[in-house]
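Student: Quick one, start_2.tsv (TSV, C-alpha atoms and all ligand atoms):
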```tsv
chain	number	residue	atom	x	y	z
P	485	MET	CA	-10.15	-13.88	-8.80
P	486	SER	CA	-6.42	-14.13	-9.34
P	487	LEU	CA	-4.31	-12.31	-6.71
P	488	ARG	CA	-0.58	-11.71	-6.61
P	489	VAL	CA	1.06	-10.10	-3.58
P	490	GLU	CA	2.57	-6.87	-4.93
P	491	HIS	CA	3.68	-5.39	-1.64
P	492	ILE	CA	3.41	-5.59	2.12
P	493	ALA	CA	3.19	-2.14	3.68
P	494	LEU	CA	4.65	-1.14	7.01
P	495	ALA	CA	3.73	2.20	8.58
P	496	VAL	CA	6.89	3.81	9.95
P	497	ALA	CA	7.35	6.86	12.15
P	498	ASP	CA	10.52	8.08	10.38
P	499	LEU	CA	10.87	6.97	6.77
P	500	GLN	CA	14.55	7.90	6.42
P	501	ALA	CA	15.44	6.05	9.63
P	502	ALA	CA	13.51	2.99	8.41
P	503	VAL	CA	15.19	3.10	4.99
P	504	GLU	CA	18.60	3.25	6.69
P	505	HIS	CA	17.65	0.41	9.04
P	506	TYR	CA	16.68	-1.87	6.16
P	507	ALA	CA	19.86	-0.99	4.23
P	508	THR	CA	22.18	-1.48	7.21
P	509	VAL	CA	20.58	-4.44	8.97
P	510	TRP	CA	19.01	-6.33	6.07
P	511	GLY	CA	21.10	-5.11	3.14
P	512	ILE	CA	18.02	-4.12	1.14
P	513	GLU	CA	18.23	-0.98	-0.98
P	514	VAL	CA	15.31	1.21	-1.99
P	515	GLU	CA	14.25	0.64	-5.58
P	516	HIS	CA	11.70	3.44	-5.74
P	517	ARG	CA	10.74	6.32	-3.47
P	518	GLU	CA	7.86	8.69	-3.96
P	519	ARG	CA	5.66	11.21	-2.17
P	520	VAL	CA	1.97	10.68	-2.87
P	521	GLU	CA	0.63	14.09	-1.87
P	522	ASP	CA	-3.09	13.35	-1.99
P	523	GLN	CA	-2.58	10.41	0.39
P	524	GLY	CA	-0.28	12.35	2.74
P	525	VAL	CA	2.40	9.66	2.50
P	526	GLU	CA	5.91	9.11	1.32
P	527	GLU	CA	6.64	5.53	0.34
P	528	ALA	CA	9.82	3.57	-0.29
P	529	MET	CA	9.68	0.28	-2.18
P	530	LEU	CA	12.25	-2.38	-1.20
P	531	PRO	CA	12.53	-5.62	-3.18
P	532	ILE	CA	12.13	-8.69	-0.95
P	533	GLY	CA	12.28	-11.57	-3.39
P	534	GLY	CA	9.19	-11.07	-5.54
P	535	PRO	CA	6.86	-8.68	-3.77
P	536	TYR	CA	8.08	-5.43	-2.27
P	537	LEU	CA	8.24	-4.25	1.28
P	538	GLN	CA	6.67	-0.80	1.25
P	539	LEU	CA	7.81	1.53	4.00
P	540	LEU	CA	5.10	4.14	4.50
P	541	GLY	CA	5.84	7.39	6.23
P	542	SER	CA	3.28	10.10	6.89
P	543	THR	CA	3.72	13.62	5.49
P	544	ASP	CA	0.54	14.85	7.18
P	545	PRO	CA	-0.60	13.88	10.70
P	546	GLU	CA	-4.24	14.11	9.52
P	547	SER	CA	-3.71	11.62	6.67
P	548	PRO	CA	-4.93	8.04	7.15
P	549	VAL	CA	-1.36	6.82	7.73
P	550	GLY	CA	-0.67	9.74	10.09
P	551	ARG	CA	-3.73	8.85	12.15
P	552	PHE	CA	-2.81	5.13	12.05
P	553	LEU	CA	0.65	5.92	13.44
P	554	ALA	CA	-0.75	8.17	16.17
P	555	LYS	CA	-3.28	5.56	17.24
P	556	ARG	CA	-1.41	2.28	16.78
P	557	GLY	CA	2.25	3.10	16.26
P	558	GLU	CA	4.46	1.41	13.70
P	559	GLY	CA	3.44	-1.89	12.18
P	560	LEU	CA	1.72	-3.77	9.40
P	561	HIS	CA	-0.56	-1.35	7.56
P	562	HIS	CA	-1.86	-3.18	4.47
P	563	ILE	CA	-1.21	-5.89	1.91
P	564	ALA	CA	-1.43	-4.99	-1.77
P	565	TYR	CA	-2.68	-7.53	-4.27
P	566	GLU	CA	-2.17	-7.04	-7.96
P	567	VAL	CA	-5.19	-7.97	-10.06
P	568	ASP	CA	-5.74	-8.10	-13.82
P	569	ASP	CA	-8.96	-6.09	-13.85
P	570	LEU	CA	-9.41	-3.70	-10.96
P	571	GLU	CA	-12.86	-2.42	-11.96
P	572	ALA	CA	-14.20	-5.97	-12.26
P	573	THR	CA	-12.63	-6.96	-8.92
P	574	LEU	CA	-14.23	-3.97	-7.16
P	575	ALA	CA	-17.62	-4.77	-8.72
P	576	ASP	CA	-17.27	-8.39	-7.60
P	577	LEU	CA	-16.38	-7.42	-4.00
P	578	LYS	CA	-19.18	-4.87	-3.87
P	579	ALA	CA	-21.68	-7.47	-5.09
P	580	LYS	CA	-20.48	-9.71	-2.25
P	581	GLY	CA	-21.14	-6.94	0.28
P	582	VAL	CA	-17.50	-6.18	1.10
P	583	PRO	CA	-17.13	-2.55	2.25
P	584	LEU	CA	-14.84	-0.54	-0.02
P	585	ILE	CA	-12.88	2.57	0.87
P	586	ASP	CA	-12.50	3.43	-2.82
P	587	GLU	CA	-15.57	2.68	-4.92
P	588	ALA	CA	-13.60	3.45	-8.08
P	589	PRO	CA	-9.93	3.06	-9.01
P	590	ARG	CA	-7.68	6.09	-8.57
P	591	VAL	CA	-4.05	6.82	-9.35
P	592	GLY	CA	-1.62	5.68	-6.66
P	593	GLY	CA	2.17	5.41	-6.39
P	594	ARG	CA	4.19	4.57	-9.52
P	595	GLY	CA	1.22	5.57	-11.67
P	596	HIS	CA	-0.63	2.36	-10.82
P	597	MET	CA	-4.40	2.32	-10.50
P	598	VAL	CA	-5.32	1.45	-6.90
P	599	ALA	CA	-8.33	1.01	-4.63
P	600	PHE	CA	-8.51	0.17	-0.93
P	601	VAL	CA	-10.85	-2.37	0.66
P	602	HIS	CA	-12.02	-1.61	4.20
P	603	PRO	CA	-10.59	-3.78	7.00
P	604	LYS	CA	-14.03	-4.03	8.60
P	605	GLY	CA	-15.77	-6.90	6.88
P	606	ASN	CA	-12.37	-8.25	5.89
P	607	HIS	CA	-11.26	-9.73	9.22
P	608	GLY	CA	-9.21	-6.66	10.08
P	609	LEU	CA	-6.94	-6.57	7.05
P	610	LEU	CA	-6.70	-3.39	4.98
P	611	VAL	CA	-6.21	-4.52	1.38
P	612	GLU	CA	-4.94	-2.41	-1.51
P	613	LEU	CA	-5.81	-3.62	-4.98
P	614	ILE	CA	-3.45	-2.63	-7.78
P	615	GLN	CA	-3.61	-2.75	-11.52
P	616	ARG	CA	-0.54	-1.79	-13.50
P	617	PRO	CA	-1.01	0.42	-16.52
P	618	SER	CA	-0.85	-1.84	-19.58
P	619	GLY	CA	2.69	-2.28	-20.86
P	620	GLN	CA	4.37	-2.04	-17.41
P	701	CO	CO	0.46	0.24	-0.74
```
Please rewrite the model in this file as structure tokens.
Ligand code: CO
Tutor:
Amino acid sequence: MSLRVEHIALAVADLQAAVEHYATVWGIEVEHRERVEDQGVEEAMLPIGGPYLQLLGSTDPESPVGRFLAKRGEGLHHIAYEVDDLEATLADLKAKGVPLIDEAPRVGGRGHMVAFVHPKGNHGLLVELIQRPSGQ
């Protein structure tokens, strides 16, 4: 399995305030911003020297990120690894008994195929697996 860190995601209470904080304090500008309606999130991608920092705001208090923020407040939410073959990676993890949130890839932000791996059975870390569409 070959993994590359694609982004580190931070759940934030106020996305615009977080974007302004990172611009003002750290001098990092947003490269991409997108609402992902079916996930109830709005995400901003900030380049941090290879991988991105993903600032994740909730657009729906009942979404997974909305519930995360209500329960735990702001903080590290997940790490996203880019893989070459998402279907094969999911099949491999499933065969090893790792609980998956998404049994099959689905479309996530930036048109990438994504699937989440449950933090239980993964030492508490929520992992997002990403495969870019070919040619990107
Ligand atoms: Co993500």
Student: Using all atoms listed in the file for the distances, tell me which of P:Gly524, P:Pro617, P:Pro535, P:Gly593 is nearest to Asp568 (chain P).
Tutor: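 Smallest distance to Asp568 (chain P) is found for P:Pro617.
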Student: Hey, which residues come within 10 Å of ligand CO 701 (chain P) if we count only C-alpha atoms and all ligand atoms? Could you give them as a list in words?
Tutor: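 Result of the 10 Å neighbour search around ligand CO 701 (chain P): Glu490, His491, Ile492, Ala493, Leu494, Glu527, Ala528, Met529, Tyr536, Leu537, Gln538, Leu539, Leu540, His561, His562, Ile563, Ala564, Tyr565, Gly592, Gly593, Val598, Ala599, Phe600, Leu610, Val611, Glu612, Leu613 and Ile614 of chain P.
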Student: Interatomic distance between CA of Glu571 (chain P) and CA of Lys604 (chain P)?
Tutor: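 Going from CA of Glu571 (chain P) over to CA of Lys604 (chain P), I get 20.7 Å.
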Student: Identify, on the basis of only C-alpha atoms, every residue whose closest approach to Asp498 (chain P) does not exceed 9 Å; exclude the query and any residue fewer than 5 positions from it along the same chain; express the result as a list in words.
Tutor: Val503, Leu540, Gly541 and Ser542 of chain P
Student: CA of Gly595 (chain P) and CA of Ala501 (chain P) are how many Å apart?
Tutor: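 Spanning CA of Gly595 (chain P) to CA of Ala501 (chain P) is a straight-line distance of 25.6 Å.
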